[in-house]
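Asks: Got a structure for you, query.tsv, holding TSV, C-alpha atoms.
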```
chain	number	residue	atom	x	y	z
A	1	MET	CA	-9.53	-34.09	-13.47
A	2	SER	CA	-12.61	-34.00	-15.69
A	3	HIS	CA	-14.39	-35.95	-18.43
A	4	ALA	CA	-17.16	-35.23	-20.91
A	5	THR	CA	-20.55	-36.97	-20.77
A	6	SER	CA	-23.17	-36.09	-23.45
A	7	GLY	CA	-21.43	-32.81	-24.04
A	8	VAL	CA	-21.39	-31.89	-20.39
A	9	THR	CA	-18.07	-31.59	-18.58
A	10	VAL	CA	-18.16	-33.45	-15.27
A	11	ARG	CA	-15.50	-32.52	-12.76
A	12	SER	CA	-14.41	-34.77	-9.93
A	13	ASN	CA	-14.29	-33.66	-6.32
A	14	ARG	CA	-10.51	-33.63	-6.60
A	15	ASP	CA	-10.70	-30.56	-8.81
A	16	ASN	CA	-12.43	-28.74	-5.98
A	17	ASP	CA	-9.48	-29.30	-3.71
A	18	ASP	CA	-6.05	-28.75	-5.22
A	19	SER	CA	-4.46	-30.14	-2.08
A	20	TRP	CA	-6.08	-33.61	-2.39
A	21	GLU	CA	-2.91	-35.26	-3.67
A	22	ARG	CA	-0.80	-33.56	-1.01
A	23	GLN	CA	-3.19	-34.67	1.72
A	24	MET	CA	-3.15	-38.27	0.51
A	25	ALA	CA	0.64	-38.29	0.32
A	26	ALA	CA	0.90	-36.88	3.82
A	27	ASP	CA	-1.53	-39.34	5.43
A	28	ILE	CA	-2.30	-42.09	2.94
A	29	LEU	CA	-2.90	-44.59	5.76
A	30	GLY	CA	-5.39	-42.27	7.42
A	31	TYR	CA	-4.79	-43.13	11.09
A	32	ALA	CA	-4.43	-39.60	12.44
A	33	GLY	CA	-7.23	-39.02	14.93
A	34	LYS	CA	-8.71	-42.50	14.54
A	35	ARG	CA	-9.60	-44.64	17.55
A	36	VAL	CA	-8.13	-48.15	17.41
A	37	VAL	CA	-7.77	-51.16	19.71
A	38	VAL	CA	-4.77	-53.52	19.72
A	39	MET	CA	-5.29	-56.89	21.40
A	40	GLY	CA	-1.91	-58.42	22.20
A	41	CYS	CA	0.35	-55.39	22.70
A	42	PHE	CA	2.53	-56.84	25.46
A	43	SER	CA	5.37	-57.92	23.16
A	44	GLY	CA	6.36	-58.97	19.65
A	45	THR	CA	4.24	-58.00	16.66
A	46	GLY	CA	1.47	-56.53	18.81
A	47	GLU	CA	3.87	-54.25	20.66
A	48	ALA	CA	5.45	-53.14	17.37
A	49	CYS	CA	2.00	-52.51	15.89
A	50	ALA	CA	0.83	-50.42	18.84
A	51	ARG	CA	4.02	-48.32	18.81
A	52	GLN	CA	3.66	-47.57	15.10
A	53	LEU	CA	-0.02	-46.69	15.44
A	54	VAL	CA	0.80	-44.23	18.22
A	55	ALA	CA	3.45	-42.70	15.95
A	56	LEU	CA	0.86	-42.40	13.16
A	57	GLY	CA	-1.34	-40.27	15.39
A	58	ALA	CA	-4.03	-42.80	16.28
A	59	GLU	CA	-5.75	-42.95	19.66
A	60	VAL	CA	-4.53	-46.41	20.62
A	61	HIS	CA	-6.21	-48.53	23.30
A	62	GLY	CA	-4.21	-51.61	24.23
A	63	ALA	CA	-5.35	-54.92	25.68
A	64	ASP	CA	-3.48	-58.04	26.75
A	65	ILE	CA	-3.20	-60.44	29.64
A	66	ARG	CA	0.04	-58.68	30.67
A	67	PRO	CA	0.74	-54.92	30.82
A	68	SER	CA	2.10	-53.29	27.68
A	69	PRO	CA	5.40	-51.36	27.63
A	70	VAL	CA	4.18	-49.10	24.81
A	71	ALA	CA	4.32	-45.42	25.70
A	72	GLY	CA	1.54	-43.16	24.51
A	73	LEU	CA	-1.37	-45.59	24.77
A	74	ALA	CA	-4.69	-43.87	25.43
A	75	SER	CA	-5.50	-46.75	27.79
A	76	PHE	CA	-4.50	-50.30	28.66
A	77	THR	CA	-6.97	-52.98	29.73
A	78	GLN	CA	-6.08	-56.40	31.06
A	79	VAL	CA	-8.07	-59.09	29.23
A	80	ASP	CA	-7.90	-62.89	29.42
A	81	LEU	CA	-9.04	-64.30	26.06
A	82	LYS	CA	-9.82	-67.64	27.72
A	83	ASP	CA	-12.56	-65.99	29.79
A	84	ALA	CA	-15.74	-64.66	28.16
A	85	ALA	CA	-16.53	-62.45	31.16
A	86	SER	CA	-13.06	-60.89	31.00
A	87	ILE	CA	-13.50	-60.23	27.29
A	88	GLU	CA	-16.85	-58.53	27.74
A	89	ALA	CA	-15.60	-56.48	30.67
A	90	GLY	CA	-12.60	-55.40	28.60
A	91	VAL	CA	-14.76	-54.16	25.74
A	92	ALA	CA	-17.07	-52.31	28.15
A	93	GLY	CA	-14.09	-50.84	29.99
A	94	ILE	CA	-12.55	-49.36	26.85
A	95	GLY	CA	-16.01	-48.39	25.64
A	96	GLY	CA	-17.05	-46.04	22.86
A	97	GLU	CA	-16.81	-46.56	19.13
A	98	ILE	CA	-13.66	-47.53	17.25
A	99	ASP	CA	-12.34	-47.37	13.70
A	100	ALA	CA	-10.04	-50.39	13.67
A	101	LEU	CA	-9.48	-53.58	15.62
A	102	PHE	CA	-6.13	-55.41	15.63
A	103	ASN	CA	-6.22	-59.03	16.89
A	104	ILE	CA	-2.61	-60.06	17.51
A	105	SER	CA	-2.64	-62.27	20.63
A	106	GLY	CA	-1.63	-65.90	20.25
A	107	LEU	CA	-0.29	-68.99	22.00
A	108	PRO	CA	2.10	-71.69	20.68
A	109	GLN	CA	1.66	-75.44	21.09
A	110	THR	CA	3.69	-75.51	24.31
A	111	PHE	CA	0.47	-74.51	26.11
A	112	PRO	CA	-2.47	-76.88	26.68
A	113	GLY	CA	-4.32	-77.51	23.42
A	114	GLU	CA	-7.65	-76.22	24.69
A	115	ASP	CA	-5.98	-72.93	25.66
A	116	VAL	CA	-4.29	-72.64	22.27
A	117	VAL	CA	-7.54	-72.98	20.32
A	118	THR	CA	-9.25	-70.59	22.73
A	119	VAL	CA	-6.74	-67.73	22.67
A	120	ASN	CA	-5.96	-68.08	18.97
A	121	PHE	CA	-9.52	-68.40	17.71
A	122	LEU	CA	-12.46	-68.87	20.11
A	123	GLY	CA	-11.49	-65.93	22.34
A	124	ILE	CA	-10.50	-63.71	19.42
A	125	ARG	CA	-13.85	-64.42	17.75
A	126	HIS	CA	-15.75	-63.61	20.97
A	127	TRP	CA	-13.71	-60.42	21.44
A	128	THR	CA	-14.35	-59.33	17.85
A	129	HIS	CA	-18.08	-60.04	18.02
A	130	ALA	CA	-18.27	-58.01	21.23
A	131	TRP	CA	-16.68	-55.06	19.39
A	132	LEU	CA	-18.76	-55.28	16.21
A	133	PRO	CA	-21.61	-53.03	17.38
A	134	ARG	CA	-18.98	-50.41	18.26
A	135	ILE	CA	-17.03	-50.47	14.98
A	136	ARG	CA	-17.87	-47.42	12.88
A	137	ALA	CA	-18.89	-47.63	9.23
A	138	GLY	CA	-15.70	-47.66	7.17
A	139	GLY	CA	-13.90	-49.52	9.95
A	140	ALA	CA	-11.73	-52.61	9.69
A	141	ILE	CA	-10.62	-55.73	11.52
A	142	VAL	CA	-7.36	-57.62	11.06
A	143	THR	CA	-6.22	-60.81	12.78
A	144	VAL	CA	-2.86	-62.56	12.86
A	145	SER	CA	-3.14	-66.10	11.54
A	146	SER	CA	-0.14	-68.17	10.40
A	147	LEU	CA	1.33	-70.14	7.53
A	148	GLY	CA	0.47	-73.05	9.81
A	149	GLY	CA	-3.15	-72.49	8.78
A	150	MET	CA	-2.56	-72.37	5.01
A	151	ASN	CA	-4.24	-75.78	4.40
A	152	TYR	CA	-7.61	-74.50	5.66
A	153	LEU	CA	-9.53	-75.02	2.41
A	154	ALA	CA	-8.81	-78.76	2.51
A	155	ARG	CA	-10.27	-79.12	6.01
A	156	GLN	CA	-13.56	-77.25	5.72
A	157	PRO	CA	-15.84	-80.05	7.01
A	158	LEU	CA	-13.81	-80.43	10.22
A	159	LEU	CA	-13.50	-76.68	10.63
A	160	ALA	CA	-17.24	-76.21	10.17
A	161	GLU	CA	-17.83	-78.65	13.01
A	162	PHE	CA	-15.34	-76.89	15.29
A	163	MET	CA	-16.50	-73.39	14.40
A	164	GLY	CA	-20.15	-74.37	14.79
A	165	ASN	CA	-19.62	-74.12	18.54
A	166	ALA	CA	-20.87	-70.61	19.14
A	167	ASP	CA	-19.22	-69.91	22.49
A	168	ILE	CA	-15.86	-70.43	24.16
A	169	ALA	CA	-16.96	-73.17	26.57
A	170	ALA	CA	-18.56	-75.26	23.81
A	171	GLY	CA	-15.54	-74.84	21.55
A	172	ARG	CA	-13.12	-75.92	24.27
A	173	ALA	CA	-15.29	-78.93	25.04
A	174	TRP	CA	-15.39	-79.88	21.36
A	175	TYR	CA	-11.62	-79.69	21.09
A	176	LEU	CA	-11.07	-81.86	24.16
A	177	ALA	CA	-13.48	-84.47	22.78
A	178	ASN	CA	-11.99	-84.38	19.26
A	179	ALA	CA	-8.32	-83.59	19.79
A	180	ALA	CA	-7.08	-86.75	18.07
A	181	THR	CA	-9.07	-86.00	14.92
A	182	ALA	CA	-8.48	-82.25	14.99
A	183	GLY	CA	-4.72	-82.62	15.22
A	184	ASP	CA	-2.30	-79.88	16.17
A	185	PRO	CA	-4.25	-77.18	18.10
A	186	TYR	CA	-2.18	-74.31	16.69
A	187	THR	CA	-2.84	-75.45	13.13
A	188	LEU	CA	-6.55	-75.93	13.86
A	189	SER	CA	-6.87	-72.47	15.40
A	190	LYS	CA	-5.16	-70.71	12.51
A	191	GLU	CA	-7.16	-72.63	9.91
A	192	ALA	CA	-10.25	-71.46	11.77
A	193	VAL	CA	-9.05	-67.83	11.70
A	194	ASN	CA	-8.56	-68.00	7.93
A	195	THR	CA	-11.97	-69.58	7.37
A	196	TRP	CA	-13.75	-67.17	9.73
A	197	THR	CA	-12.11	-64.18	8.03
A	198	GLN	CA	-13.30	-65.17	4.58
A	199	GLN	CA	-16.74	-66.32	5.71
A	200	SER	CA	-17.34	-63.06	7.61
A	201	ALA	CA	-16.26	-60.68	4.86
A	202	PRO	CA	-19.46	-60.46	2.75
A	203	ALA	CA	-21.85	-59.77	5.64
A	204	LEU	CA	-19.48	-57.26	7.21
A	205	MET	CA	-18.96	-55.48	3.89
A	206	ALA	CA	-22.71	-54.91	3.78
A	207	ARG	CA	-22.13	-52.84	6.94
A	208	ASN	CA	-19.08	-51.13	5.39
A	209	ILE	CA	-16.68	-52.98	7.70
A	210	ARG	CA	-13.70	-54.88	6.31
A	211	ILE	CA	-12.01	-57.98	7.76
A	212	ASN	CA	-8.67	-59.52	6.78
A	213	CYS	CA	-5.89	-61.60	8.28
A	214	THR	CA	-2.19	-62.17	7.76
A	215	MET	CA	-0.30	-65.48	7.62
A	216	PRO	CA	3.23	-64.81	8.89
A	217	SER	CA	6.22	-67.05	8.51
A	218	PRO	CA	8.23	-67.49	11.77
A	219	ILE	CA	8.96	-64.22	13.54
A	220	ASP	CA	12.06	-63.43	15.59
A	221	THR	CA	10.34	-62.97	18.95
A	222	PRO	CA	10.63	-64.83	22.29
A	223	MET	CA	7.80	-67.13	21.08
A	224	LEU	CA	10.17	-68.52	18.46
A	225	ASP	CA	11.80	-70.67	21.15
A	226	ASP	CA	8.42	-72.29	21.85
A	227	PHE	CA	8.00	-73.16	18.18
A	228	ARG	CA	11.56	-74.50	18.12
A	229	LYS	CA	10.67	-76.92	20.92
A	230	VAL	CA	7.73	-78.23	18.91
A	231	ALA	CA	8.97	-78.12	15.31
A	232	GLY	CA	12.74	-78.31	15.67
A	233	ASP	CA	15.50	-76.26	14.09
A	234	ALA	CA	15.27	-77.98	10.69
A	235	VAL	CA	11.62	-77.04	10.12
A	236	LEU	CA	12.11	-73.47	11.32
A	237	GLY	CA	15.22	-73.19	9.17
A	238	ALA	CA	13.25	-74.34	6.13
A	239	PHE	CA	10.57	-71.73	6.76
A	240	ALA	CA	13.29	-69.06	6.86
A	241	LYS	CA	14.80	-70.25	3.58
A	242	ALA	CA	13.05	-67.86	1.20
A	243	LYS	CA	14.52	-64.74	2.83
A	244	GLY	CA	17.48	-66.32	4.57
A	245	ARG	CA	16.32	-65.12	7.99
A	246	PHE	CA	13.24	-64.85	10.18
A	247	SER	CA	10.87	-61.92	9.98
A	248	THR	CA	11.10	-59.06	12.47
A	249	PRO	CA	8.03	-57.99	14.47
A	250	GLU	CA	8.01	-54.68	12.61
A	251	GLU	CA	7.88	-56.49	9.25
A	252	GLN	CA	4.71	-58.22	10.41
A	253	ALA	CA	3.17	-55.18	12.10
A	254	LEU	CA	3.27	-52.92	9.05
A	255	PRO	CA	1.14	-55.19	6.81
A	256	LEU	CA	-1.45	-55.35	9.60
A	257	ILE	CA	-1.49	-51.56	9.73
A	258	LEU	CA	-1.82	-51.40	5.94
A	259	LEU	CA	-4.77	-53.81	5.85
A	260	ASN	CA	-6.72	-51.77	8.43
A	261	SER	CA	-5.85	-48.44	6.78
A	262	ASP	CA	-7.64	-46.16	4.33
A	263	ALA	CA	-5.11	-47.30	1.71
A	264	ALA	CA	-6.75	-50.76	1.72
A	265	SER	CA	-10.36	-49.53	1.61
A	266	PHE	CA	-11.34	-52.07	-1.09
A	267	VAL	CA	-9.56	-55.06	0.47
A	268	SER	CA	-11.59	-57.56	2.51
A	269	GLY	CA	-11.68	-61.30	3.05
A	270	VAL	CA	-7.95	-61.65	2.35
A	271	CYS	CA	-5.59	-64.12	4.03
A	272	LEU	CA	-2.32	-62.37	3.24
A	273	ALA	CA	0.88	-64.42	3.41
A	274	VAL	CA	3.66	-62.29	4.91
A	275	ASP	CA	6.49	-64.73	4.34
A	276	ALA	CA	8.98	-63.28	1.82
A	277	GLY	CA	7.53	-65.41	-0.99
A	278	LEU	CA	7.74	-68.78	0.77
A	279	SER	CA	4.16	-69.96	0.27
A	280	GLY	CA	4.05	-68.75	-3.31
A	281	GLY	CA	7.27	-70.58	-4.08
A	282	LEU	CA	5.95	-73.78	-2.55
A	283	ALA	CA	2.59	-73.53	-4.35
A	284	THR	CA	4.18	-73.09	-7.78
A	285	GLY	CA	7.08	-75.52	-7.33
A	286	ALA	CA	9.74	-72.82	-7.32
A	287	LEU	CA	10.64	-74.05	-3.83
A	288	ASN	CA	10.70	-77.65	-2.63
A	289	MET	CA	9.91	-78.20	1.05
A	290	GLN	CA	11.61	-81.61	1.28
A	291	GLN	CA	14.79	-80.19	-0.21
A	292	MET	CA	14.61	-77.20	2.10
A	293	LEU	CA	14.17	-79.44	5.15
A	294	ALA	CA	17.12	-81.57	4.11
A	295	GLU	CA	19.33	-78.50	3.58
A	296	ALA	CA	18.28	-77.02	6.92
A	297	ALA	CA	18.96	-80.31	8.72
A	298	ALA	CA	22.41	-80.45	7.14
A	299	GLY	CA	23.16	-77.02	8.56
```
Translate this file's structure into structure tokens.
Replies:
Amino acid sequence: MSHATSGVTVRSNRDNDDSWERQMAADILGYAGKRVVVMGCFSGTGEACARQLVALGAEVHGADIRPSPVAGLASFTQVDLKDAASIEAGVAGIGGEIDALFNISGLPQTFPGEDVVTVNFLGIRHWTHAWLPRIRAGGAIVTVSSLGGMNYLARQPLLAEFMGNADIAAGRAWYLANAATAGDPYTLSKEAVNTWTQQSAPALMARNIRINCTMPSPIDTPMLDDFRKVAGDAVLGAFAKAKGRFSTPEEQALPLILLNSDAASFVSGVCLAVDAGLSGGLATGALNMQQMLAEAAAG
């Protein structure tokens, strides 16, 4: 490809390599040979993500509170996201520089509220900050949030107060003192993830590091039973209405892989709904939540 400027023909670098298009087609995601870390690879979306990254040729280092069944990991490190010392030891144990960080661990509301906000946000933030000096230029971070956090822009004053607690202990203490005002801990934690993602993007881009998150609708994993205990079948059924079924772990893992890939090199600060059009339908009135709840309750 070329173009003329002031009578001079300027040729792009692509013309110097006739195989550029073939190379991009063969490895458009660009994971071959890259060093990545997956937090939360014991089961569900995290397990599916780690398996696919191994298949794509990445050097995959897994971390979780329980051992991962994924074959082909370069290493596995046990990390408790409720414990700052465990987090820091985990980062040091894996060591070295990385190209991409996948934050996929999470807890539902069936756990104590202070643990939910810690694992889903406070611990993930501490873990990510511990990795930042080791993330190479051109690297990327992606975190799993939730549709449960989609109202984050309406709660910025409360979220600023919660997120202003710089460490895990202070954040847990704040939640315990403000639980009644903060509301559902899962919702609070995911709203914080969305806010943190977008707030962090400009400063990280100055270092050529991208950060994004996804907001899944309910996923068909063992954790779905925990959400069923809290929300009930009618609510879960309504959230499955757009597609007519729940998402699979693989359907959530692949967008995470895309966001951290070379194919998304100009994407940062995005909270991507991965919900088969549910949130878009609700936002524009194409779907009606009250009607969907009534239909789901009626079976």
Asks: Neighbours of Leu278 in chain A within 12 Å (only C-alpha atoms; same-chain residues fewer than 3 positions away dropped), as a PyMOL selection string?
Replies: chain A and resi 147+150+215-218+238-247+273-275+281-289+292
Asks: Using only C-alpha atoms for the distances, tell me which of A:Gly62, A:Gly72, A:Gly113, A:Gly44 is nearest to Asn178 in chain A.
Replies: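 Comparing A:Gly62, A:Gly72, A:Gly113, A:Gly44 against Asn178 in chain A, the winner is A:Gly113.
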Asks: Find, counting all atoms listed in the file, the residue in A:Ile141, A:Val116, A:Val37, A:Ala58 that gets nearest to Tyr175 in chain A.
Replies: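 Ranked by minimum distance to Tyr175 in chain A, first place goes to A:Val116.
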Asks: Using only C-alpha atoms, which residue out of A:Leu158, A:Ala89, A:Val142, A:Val117 lies closest to Pro185 in chain A?
Replies: A:Val117
Asks: How far is it from CA of Asp184 in chain A to CA of Gln198 in chain A, in Å with one decimal?
Replies: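 Distance between the two atoms: 21.7 Å.
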Asks: If you count all atoms listed in the file, which residues fall within 10 Å of His126 in chain A, apart from same-chain ones fewer than 3 positions away, as a list of chain:residue names?
Replies: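 Residues near the query, excluding close chain neighbours: A:Leu81, A:Lys82, A:Asp83, A:Ala84, A:Ile87, A:Glu88, A:Thr118, A:Phe121, A:Leu122, A:Gly123, A:His129, A:Ala130, A:Trp131, A:Ala166, A:Asp167, A:Ile168.
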Asks: Can you measure CA of Gly46 in chain A to CA of Thr187 in chain A for me? One decimal in Å is fine.
Replies: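 Separating CA of Gly46 in chain A from CA of Thr187 in chain A is a distance of 20.2 Å.
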Asks: What is the CA of Leu258 in chain A to CA of Ala55 in chain A distance in Å?
Replies: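 Result for CA of Leu258 in chain A versus CA of Ala55 in chain A: 14.3 Å, one decimal.
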Asks: Compute the distance from (1.5, -48.6, 12.8) to each atom, counting all atoms listed in the file, keep the residues with any atom at most 12 Å away, and return them as a PyMOL selection string; use the coordinates of the file.
Replies: chain A and resi 29-32+36-38+45-60+100+102+249-261
Asks: For each of A:Pro157, A:Pro112, A:Gly93, A:Gly164, take the minimum atom-to-atom distance to Val79 in chain A, counting only C-alpha atoms, then give the residue where this is smallest.
Replies: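 Ranking A:Pro157, A:Pro112, A:Gly93, A:Gly164 by distance to Val79 in chain A, first place goes to A:Gly93.
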Asks: Find, counting only C-alpha atoms, the residue in A:Gly277, A:Gly96, A:Gly171, A:Gly269 that gets nearest to Ala201 in chain A.
Replies: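 Ranking A:Gly277, A:Gly96, A:Gly171, A:Gly269 by distance to Ala201 in chain A, first place goes to A:Gly269.
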Asks: Could you pull out every residue with an atom within 12 Å of (-6.0, -74.1, 4.2), file coordinates, counting all atoms listed in the file, and send them as a PyMOL selection string?
Replies: chain A and resi 145-159+187-196+198+215+271+273+279
Asks: Tell me which protein, DNA and RNA residues are within 10 Å of Ser86 in chain A, counting all atoms listed in the file, leaving out same-chain ones fewer than 6 positions away, and put them as a list of chain:residue names.
Replies: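 Selected residues are A:Ile65, A:Gln78, A:Val79, A:Asp80, A:Ala92, A:Trp127.
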Asks: Measuring atom to atom with all atoms listed in the file, identify which of A:Pro69, A:Gly237, A:Gly40, A:Gly90 is nearest to Ala294 in chain A.
Replies: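 For Ala294 in chain A, the nearest of the given residues is A:Gly237.
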